[in-house]
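Report on one structure; see the data block that follows.
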Amino acid sequence: MRFVFWTILAGLLPAMAMGQTGASLYRTKCASCHGAKGEGRAAIKNSSLLTAETKQRSDAELTEAIAKGGKKQSSAHAYERKGVSAEQVKLLVQYVRELQR
Ligand code: HEC
């Protein structure tokens, strides 16, 4: 009986972690600067993700901007170094694309 309990729990925990969506990650880690809908904040330069330029960037470029801080390699924006996994970056890129639609 106990074995069954732990087996179920062990199966549930990763599933719960995976329940994290691009939207929830974005809300907790990105919206403070990029706005709830990607519109950015007036006080933060270049913070809109809805500009024509950003829409034109490839998924690889957005991935690089999020994971490694973009062309400037900004350490403050290198989320890879702040515990955001490659899988989570992928979800975030997908979510940014949704916001851009
Ligand atoms: C502290 C404020 C801040 C936070 C938090 C932040 N960003 Fe940014 N982000 C910026 C700024 C400012 C830029 C523009 C950098 C530049 O001018 O090169 C930027 C650039 C980007 C770009 C590149 C846009 C382009 O056109 O090249 C993407 C994509 C991006 N951020 C996504 C995210 C995601 C996803 C998160 C959450 C994991 C996030 N950002 C968190 C401030 C922030």
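Following the order of the structure tokens, first chain is A, next is B, and so on, with residues numbered from 1 inside each chain and ligands from 1 in the order they appear.
Considering only C-alpha atoms and all ligand atoms, the residues that reside within 7 Å of ligand 1 can be listed as Leu25, Tyr26, Lys29, Cys30, Ala31, Ser32, Cys33, His34, Ile44, Lys45, Asn46, Ser47, Leu49, Glu53, Thr54, Arg57, Leu62, Thr63, Ala65, Ile66, Gly70, Lys72, His77, Tyr79, Leu92, Val93 and Val96 of chain A.
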Write the residues of the selection above to a file with N, CA and C atoms, as a PDB file, in the first residue's frame.
```
ATOM      1  N   LEU A  25       5.085  31.208 -16.097  1.00  0.00           N
ATOM      2  CA  LEU A  25       6.492  31.623 -15.999  1.00  0.00           C
ATOM      3  C   LEU A  25       6.628  33.097 -16.358  1.00  0.00           C
ATOM      4  N   TYR A  26       5.967  33.477 -17.428  1.00  0.00           N
ATOM      5  CA  TYR A  26       6.042  34.859 -17.888  1.00  0.00           C
ATOM      6  C   TYR A  26       5.517  35.812 -16.814  1.00  0.00           C
ATOM      7  N   LYS A  29       8.128  35.949 -13.898  1.00  0.00           N
ATOM      8  CA  LYS A  29       9.513  36.364 -14.134  1.00  0.00           C
ATOM      9  C   LYS A  29       9.675  37.511 -15.118  1.00  0.00           C
ATOM     10  N   CYS A  30       8.717  37.783 -15.935  1.00  0.00           N
ATOM     11  CA  CYS A  30       8.936  38.703 -17.052  1.00  0.00           C
ATOM     12  C   CYS A  30       7.984  39.896 -17.085  1.00  0.00           C
ATOM     13  N   ALA A  31       6.763  39.694 -16.600  1.00  0.00           N
ATOM     14  CA  ALA A  31       5.738  40.729 -16.757  1.00  0.00           C
ATOM     15  C   ALA A  31       6.127  42.038 -16.072  1.00  0.00           C
ATOM     16  N   SER A  32       6.947  41.957 -15.013  1.00  0.00           N
ATOM     17  CA  SER A  32       7.311  43.179 -14.298  1.00  0.00           C
ATOM     18  C   SER A  32       8.007  44.176 -15.216  1.00  0.00           C
ATOM     19  N   CYS A  33       8.736  43.699 -16.193  1.00  0.00           N
ATOM     20  CA  CYS A  33       9.407  44.597 -17.137  1.00  0.00           C
ATOM     21  C   CYS A  33       8.719  44.639 -18.499  1.00  0.00           C
ATOM     22  N   HIS A  34       8.220  43.487 -18.948  1.00  0.00           N
ATOM     23  CA  HIS A  34       7.679  43.426 -20.303  1.00  0.00           C
ATOM     24  C   HIS A  34       6.169  43.630 -20.367  1.00  0.00           C
ATOM     25  N   ILE A  44      10.881  51.614 -19.033  1.00  0.00           N
ATOM     26  CA  ILE A  44      12.001  50.716 -19.363  1.00  0.00           C
ATOM     27  C   ILE A  44      12.213  50.689 -20.870  1.00  0.00           C
ATOM     28  N   LYS A  45      13.365  51.181 -21.280  1.00  0.00           N
ATOM     29  CA  LYS A  45      13.694  51.297 -22.695  1.00  0.00           C
ATOM     30  C   LYS A  45      13.672  49.926 -23.381  1.00  0.00           C
ATOM     31  N   ASN A  46      13.104  49.886 -24.573  1.00  0.00           N
ATOM     32  CA  ASN A  46      13.076  48.661 -25.390  1.00  0.00           C
ATOM     33  C   ASN A  46      12.392  47.474 -24.716  1.00  0.00           C
ATOM     34  N   SER A  47      11.457  47.737 -23.814  1.00  0.00           N
ATOM     35  CA  SER A  47      10.874  46.609 -23.081  1.00  0.00           C
ATOM     36  C   SER A  47       9.654  45.995 -23.774  1.00  0.00           C
ATOM     37  N   LEU A  49       7.715  43.740 -26.262  1.00  0.00           N
ATOM     38  CA  LEU A  49       8.024  42.538 -27.055  1.00  0.00           C
ATOM     39  C   LEU A  49       7.114  42.482 -28.283  1.00  0.00           C
ATOM     40  N   GLU A  53      10.243  44.770 -34.930  1.00  0.00           N
ATOM     41  CA  GLU A  53      11.590  44.153 -34.859  1.00  0.00           C
ATOM     42  C   GLU A  53      11.544  42.842 -34.084  1.00  0.00           C
ATOM     43  N   THR A  54      10.950  42.895 -32.914  1.00  0.00           N
ATOM     44  CA  THR A  54      10.952  41.685 -32.081  1.00  0.00           C
ATOM     45  C   THR A  54      10.111  40.585 -32.722  1.00  0.00           C
ATOM     46  N   ARG A  57      12.177  38.613 -35.206  1.00  0.00           N
ATOM     47  CA  ARG A  57      13.299  37.782 -34.759  1.00  0.00           C
ATOM     48  C   ARG A  57      12.916  36.302 -34.818  1.00  0.00           C
ATOM     49  N   LEU A  62      15.151  34.796 -29.997  1.00  0.00           N
ATOM     50  CA  LEU A  62      14.410  35.029 -28.750  1.00  0.00           C
ATOM     51  C   LEU A  62      14.944  34.113 -27.648  1.00  0.00           C
ATOM     52  N   THR A  63      15.237  32.872 -28.020  1.00  0.00           N
ATOM     53  CA  THR A  63      15.784  31.917 -27.056  1.00  0.00           C
ATOM     54  C   THR A  63      17.087  32.448 -26.488  1.00  0.00           C
ATOM     55  N   ALA A  65      18.098  35.554 -26.420  1.00  0.00           N
ATOM     56  CA  ALA A  65      17.865  36.757 -25.610  1.00  0.00           C
ATOM     57  C   ALA A  65      17.445  36.381 -24.192  1.00  0.00           C
ATOM     58  N   ILE A  66      16.592  35.363 -24.088  1.00  0.00           N
ATOM     59  CA  ILE A  66      16.081  34.973 -22.775  1.00  0.00           C
ATOM     60  C   ILE A  66      17.135  34.173 -21.999  1.00  0.00           C
ATOM     61  N   GLY A  70      20.918  37.889 -24.858  1.00  0.00           N
ATOM     62  CA  GLY A  70      20.931  38.542 -26.161  1.00  0.00           C
ATOM     63  C   GLY A  70      22.325  38.920 -26.637  1.00  0.00           C
ATOM     64  N   LYS A  72      23.996  41.531 -26.351  1.00  0.00           N
ATOM     65  CA  LYS A  72      24.843  42.206 -25.351  1.00  0.00           C
ATOM     66  C   LYS A  72      25.293  41.249 -24.255  1.00  0.00           C
ATOM     67  N   HIS A  77      19.963  39.483 -17.815  1.00  0.00           N
ATOM     68  CA  HIS A  77      18.901  38.905 -18.632  1.00  0.00           C
ATOM     69  C   HIS A  77      19.212  37.467 -19.051  1.00  0.00           C
ATOM     70  N   TYR A  79      18.715  34.255 -18.296  1.00  0.00           N
ATOM     71  CA  TYR A  79      17.891  33.446 -17.388  1.00  0.00           C
ATOM     72  C   TYR A  79      18.380  32.015 -17.222  1.00  0.00           C
ATOM     73  N   LEU A  92       8.608  29.854 -22.757  1.00  0.00           N
ATOM     74  CA  LEU A  92       8.548  31.320 -22.752  1.00  0.00           C
ATOM     75  C   LEU A  92       8.565  31.875 -24.168  1.00  0.00           C
ATOM     76  N   VAL A  93       9.396  31.291 -25.041  1.00  0.00           N
ATOM     77  CA  VAL A  93       9.426  31.747 -26.436  1.00  0.00           C
ATOM     78  C   VAL A  93       8.040  31.534 -27.062  1.00  0.00           C
ATOM     79  N   VAL A  96       5.682  34.166 -25.751  1.00  0.00           N
ATOM     80  CA  VAL A  96       5.925  35.483 -26.351  1.00  0.00           C
ATOM     81  C   VAL A  96       5.298  35.519 -27.754  1.00  0.00           C
TER      82      VAL A  96
END
```
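What separates atom CA of Ala52 of chain A from atom CA of Gly40 of chain A is a distance of 13.6 Å.
Here atom CA of Thr28 of chain A is placed at a distance of 17.5 Å from atom CA of Arg97 of chain A.
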